[in-house]
Amino acid sequence: MTAAIATTALTKRYGDRLALDSMDLAVEEGSIFGFLGANGAGKTTTLRLLTGMARPTAGSVRVLGQDVASEGNPVRAEIGFLPDVPAFYDWMTADEFLRFAGRLFTMKGSLLRARIDMLLDLAGLRGTTARIGEYSRGMKQRLGIAQALINAPRLLLLDEPTSALDPMGRRDVLDMVASLRGRTTVFFSTHILGDVERVCDTVAILDHGRIVAGGPIDELKNKYGKQKVVIQVTDDADGLAEDIRKRAWATSVTRGPQGSFEVAVTDVDAARREIPAMVASRKTGLVLMEAGEMDLEEVFVELIEGAKA
Amino acid sequence: MNGYLVFAAKEAKEILRTWRIWVLPAIVLFFSVSGPFLARYTPQIVGAVAGAQLGHLTLPPATYLDSYSGWIKNLSQITLFAIIIIYGGIVSSEVSNGTALLVLTKPLSRVAFVAVKVAVNSAFVAVLLGVGTLVTWAITAAIFGKAPSGPLWSGALVWLVLAIFYLALMTLLSVAIGSAAGAAGAGIGAFALLSVAGIWKPLSNYSPAGLAGHAATLAADTATSSVFWPVLTSLAGSVVLAGIAALAFRRKEL
């Protein structure tokens with residue numbers, strides 16, 4: 001399958017600061033790709049390079065098979081982009097801005113009118129006659145998503161699309177992104193892991209300008225996600241935690257409130273067998289013992305903290 | 001070409017629907033209306049203020065040429081100053097508030113972005129100049145009973161070339177300097193330098209530095225040298241400045 005986005009050793013330096021460090025990235029056409037990273041990890045820099053708004057210090061970036069810096073308008077005609085904080089001409093209405101954006105893509109007449117009406121409905125802005133300058137941040141964010149879709153893009157680049165939205169708005173945006181599956185490649189940059197888990201097929205985790213992990217979400221969880229056991233006892237939680245820490249199958253023990261702790265394990269069956277006996281030998285009461293898998297958020301934290309260490 | 005036209009329409013609407021439609025037109029209209037009256041009554045005002053200090057000196061009665069000269073003088077000083085300040089953010093304001101990012105990630109080239117801004121705002125200044133000059137002309141005719149068009153319009157047209165030159169200069173400065181205030185400051189510096197440079201005859205005769213002086217002498221009907229070279233070099237300079245601005249903007253990271 002063709003790569004909608006392909007970067008090779010992509011590096012961006014601002015003075016002494018290395019914003020992106022030899023980043024190799026491949027986003028398959030038709031996928032919904034989650035680009036995860038903490039604030040300052042290099043997500044927005046990546047998007048600026050992908051849109052041709054900045055030039056790489058080294059390496060290459062190809063978007064839809066073309067060099068966005070040299071191809072210019074032809075490649076931009078197939079992209080939709082939502083910046084992290086979308087800015088509009090405050091004196092325009094939403095309808096006027098969408099018309100302006102559509103006309104830049106050479107759309108006109110009834111096709112453009114129908115597209116504008118559909119997107120205004122999607123953004124919940126149909127019938128709003130106020131100027132954009134009077135909009136709330138959430139309304140601007142929704143309009144930002146609408147304008148990014150005006151040209152029915154082959155590649156939709158979203159930079160933190162849900163960060164300014166209330167829960168309802170966030171749900172609507174995620175539903176909208178999910179509805180594009182298979183029709184448009186979506187590059188979804190965010191630090192909200194729940195959003196990625198909900199809509200993305202594939203993910204890359206960025207830390208300090210480097211991709212620390214990437215691949216299909218399930219594969220990533222299998223590869224990096226350890227299993228865990230959550231335990232709660234009536235007394236002597238510290239002593240029990242100390243006993244567990246000595247076992248070969250326990251990789252880490254994290255204390256929680258009220259006699260609880262979480263154990264990251266390599267062999268959940270061994271943990272299930274041995275922990276009750278250890279609790280009994282300490283003569284304490286077992287309130288809770290629950291085994292499960294780490295979610296993406298925990299994988300993310302493990303990877304980022306692992307990279308720091 | 002589509003992008004040029006769409007963006008030009010947006011620029012024109014922005015002028016009509018924001019503060020831009022009030023500030024420069026108000027300045028131009030104020031001087032176009034007040035100038036002829038001020039010219040007509042300046043001898044009386046000076047006489048009344050100076051009183052006996054003038055002794056036996058008597059000021060000559062004002063003519064339509066005084067009105068024309070006043071109009072061009074106001075254009076060359078206050079209006080030009082206003083243009084420098086207003087257009088300090090012609091490009092940088094869109095970059096700093098983020099609208100440029102949203103627009104330039106669509107099929108609109110950066111060259112078109114800059115070229116359209118220069119062209120549309122030059123047209124706006126030309127329209128303002130036309131209306132203002134027409135008003136001055138009509139009021140001058142009403143007050144003085146005589147208002148031949150030649151000196152006024154030739155002076156105004158030469159000033160328009162100067163205004164376009166400054167607009168192109170401000171576009172370049174706005175690309176080069178991120179802040180509107182910084183670009184305006186640099187523009188004022190350039191204005192001061194060109195004003196001083198205009199005193200030197202060779203520069204005055206062959207460069208934009210002489211345009212303000214030439215516009216004034218044309219309006220006063222006292223022109224002694226040709227305006228061909230300063231007009232030509234100013235127009236060429238405007239194209240070069242706008243071209244450099246477009247190229248610099250193309251290389252700029254947003």
# chains A, B, ... in the order shown; residues from 1 in each chain; ligands from 1

$ residues_around --residues "B:Val231" --least-positions-apart "3" --cutoff "9 Å" --atoms "only C-alpha atoms" --output "PyMOL selection string"
chain B and resi 158+161-162+206-208+211+227-228+234-236

$ write_last_selection --atoms "C-alpha atoms" --output "PDB file, in the first residue's frame"
ATOM      1  CA  VAL B 158       3.400  61.388  -8.884  1.00  0.00           C
ATOM      2  CA  VAL B 161       3.909  56.385  -7.328  1.00  0.00           C
ATOM      3  CA  LEU B 162       5.628  57.366  -4.067  1.00  0.00           C
ATOM      4  CA  TYR B 206      16.826  60.014 -10.400  1.00  0.00           C
ATOM      5  CA  SER B 207      15.394  58.215  -7.375  1.00  0.00           C
ATOM      6  CA  PRO B 208      12.281  57.915  -5.193  1.00  0.00           C
ATOM      7  CA  LEU B 211       9.282  62.189  -5.752  1.00  0.00           C
ATOM      8  CA  VAL B 227       9.777  63.481 -13.300  1.00  0.00           C
ATOM      9  CA  PHE B 228      10.467  60.642 -15.733  1.00  0.00           C
ATOM     10  CA  SER B 234      10.319  54.320  -8.060  1.00  0.00           C
ATOM     11  CA  LEU B 235       8.068  52.009 -10.043  1.00  0.00           C
ATOM     12  CA  ALA B 236      10.990  49.688 -10.736  1.00  0.00           C
TER      13      ALA B 236
END

$ interface_residues --of "chain B" --to "chain A" --cutoff "8 Å" --atoms "only C-alpha atoms" --output "ChimeraX atom specification"
/B:2-3,6-7,10,14,17-18,97-99,101-103,105-109,252-254

$ write_last_selection --atoms "N, CA and C atoms" --output "short mmCIF file (atom, residue, chain, number, x, y, z; two decimals), in the first residue's frame"
data_model
loop_
_atom_site.label_atom_id
_atom_site.label_comp_id
_atom_site.auth_asym_id
_atom_site.auth_seq_id
_atom_site.Cartn_x
_atom_site.Cartn_y
_atom_site.Cartn_z
N ASN B 2 -6.45 31.32 -9.91
CA ASN B 2 -7.63 31.25 -9.05
C ASN B 2 -7.31 31.76 -7.65
N GLY B 3 -6.19 31.30 -7.09
CA GLY B 3 -5.81 31.70 -5.74
C GLY B 3 -5.63 33.21 -5.63
N VAL B 6 -9.19 34.84 -5.59
CA VAL B 6 -9.93 34.55 -4.35
C VAL B 6 -9.33 35.34 -3.19
N PHE B 7 -8.01 35.35 -3.12
CA PHE B 7 -7.37 36.06 -2.02
C PHE B 7 -7.53 37.57 -2.18
N LYS B 10 -10.85 38.48 -0.89
CA LYS B 10 -10.81 38.50 0.59
C LYS B 10 -10.15 39.78 1.10
N GLU B 14 -11.87 42.61 3.34
CA GLU B 14 -11.29 42.93 4.65
C GLU B 14 -11.14 44.45 4.81
N ARG B 17 -14.65 45.84 5.48
CA ARG B 17 -15.40 45.40 6.67
C ARG B 17 -14.62 45.48 7.98
N THR B 18 -13.47 46.12 7.94
CA THR B 18 -12.71 46.28 9.19
C THR B 18 -12.34 47.75 9.37
N ASN B 97 -0.93 36.20 13.99
CA ASN B 97 -2.22 35.74 14.55
C ASN B 97 -2.64 34.37 14.00
N GLY B 98 -1.89 33.84 13.07
CA GLY B 98 -2.13 32.45 12.64
C GLY B 98 -3.00 32.29 11.40
N THR B 99 -3.57 33.38 10.89
CA THR B 99 -4.43 33.23 9.70
C THR B 99 -3.61 32.84 8.47
N LEU B 101 -1.10 30.86 8.37
CA LEU B 101 -0.86 29.41 8.44
C LEU B 101 -2.06 28.65 7.86
N LEU B 102 -3.25 29.08 8.22
CA LEU B 102 -4.45 28.39 7.74
C LEU B 102 -4.63 28.57 6.23
N VAL B 103 -4.32 29.77 5.75
CA VAL B 103 -4.53 30.07 4.33
C VAL B 103 -3.43 29.42 3.47
N THR B 105 -1.70 26.79 3.93
CA THR B 105 -1.71 25.33 3.83
C THR B 105 -2.79 24.89 2.83
N LYS B 106 -3.40 25.87 2.17
CA LYS B 106 -4.33 25.59 1.08
C LYS B 106 -3.63 25.98 -0.23
N PRO B 107 -4.25 25.70 -1.36
CA PRO B 107 -3.53 26.01 -2.61
C PRO B 107 -3.44 27.51 -2.91
N LEU B 108 -2.68 28.20 -2.11
CA LEU B 108 -2.37 29.61 -2.35
C LEU B 108 -0.87 29.77 -2.12
N SER B 109 -0.16 30.22 -3.13
CA SER B 109 1.30 30.33 -2.98
C SER B 109 1.64 31.54 -2.13
N LYS B 252 10.48 31.97 4.34
CA LYS B 252 10.23 32.12 5.77
C LYS B 252 9.50 30.91 6.33
N GLU B 253 9.87 30.50 7.54
CA GLU B 253 9.18 29.39 8.19
C GLU B 253 8.04 29.93 9.03
N LEU B 254 6.90 29.30 8.91
CA LEU B 254 5.73 29.78 9.66
C LEU B 254 5.43 28.84 10.81
#

$ select_by_dssp --residues "stretch 2-217 of chain B" --states "alpha helix (DSSP H)" --output "PyMOL selection string"
chain B and resi 2-17+20-50+64-74+80-86+92-97+99-104+110-144+149-176+180-197+201-206+211-217

$ residues_around --residues "stretch 184-186 of chain A" --least-positions-apart "4" --cutoff "8 Å" --atoms "only C-alpha atoms" --output "PyMOL selection string"
chain A and resi 4+28-33+153-158+177+180

$ residues_around --residues "B:Ser76" --least-positions-apart "4" --cutoff "10 Å" --atoms "only C-alpha atoms" --output "PyMOL selection string"
chain B and resi 70-72+80-81+156+159-160+162-163+211-213+215-216

$ residues_around --residues "stretch 116-124 of chain B" --least-positions-apart "6" --cutoff "8 Å" --atoms "only C-alpha atoms" --output "ChimeraX atom specification"
/B:4,7-8,11-12,90,163-164,167-168,171,242

$ residues_around --residues "B:Ile139" --least-positions-apart "2" --cutoff "9 Å" --atoms "only C-alpha atoms" --output "list in words"
Ser32, Val33, Pro36, Phe37, Leu134, Val135, Thr136, Trp137, Ala141, Ala142, Ile143 and Phe144 of chain B

$ residues_around --residues "A:Glu262" --least-positions-apart "4" --cutoff "7 Å" --atoms "only C-alpha atoms" --output "list in words"
Lys228, Val229, Val230, Ile231, Val253, Thr254 and Arg255 of chain A

$ write_last_selection --atoms "C-alpha atoms" --output "PDB file, in the first residue's frame"
ATOM      1  CA  LYS A 228      -0.478  -6.323  35.852  1.00  0.00           C
ATOM      2  CA  VAL A 229      -2.059  -7.520  39.068  1.00  0.00           C
ATOM      3  CA  VAL A 230      -3.836  -5.114  41.390  1.00  0.00           C
ATOM      4  CA  ILE A 231      -3.959  -6.256  45.005  1.00  0.00           C
ATOM      5  CA  VAL A 253       5.507  -2.757  42.497  1.00  0.00           C
ATOM      6  CA  THR A 254       3.651   0.530  42.873  1.00  0.00           C
ATOM      7  CA  ARG A 255       1.941   1.351  46.163  1.00  0.00           C
TER       8      ARG A 255
END

$ atom_distance --atom1 "atom CA of B:Glu94" --atom2 "atom CA of B:Phe249"
12.2 Å

$ atom_distance --atom1 "atom CA of B:Leu173" --atom2 "atom CA of B:Val196"
20.2 Å
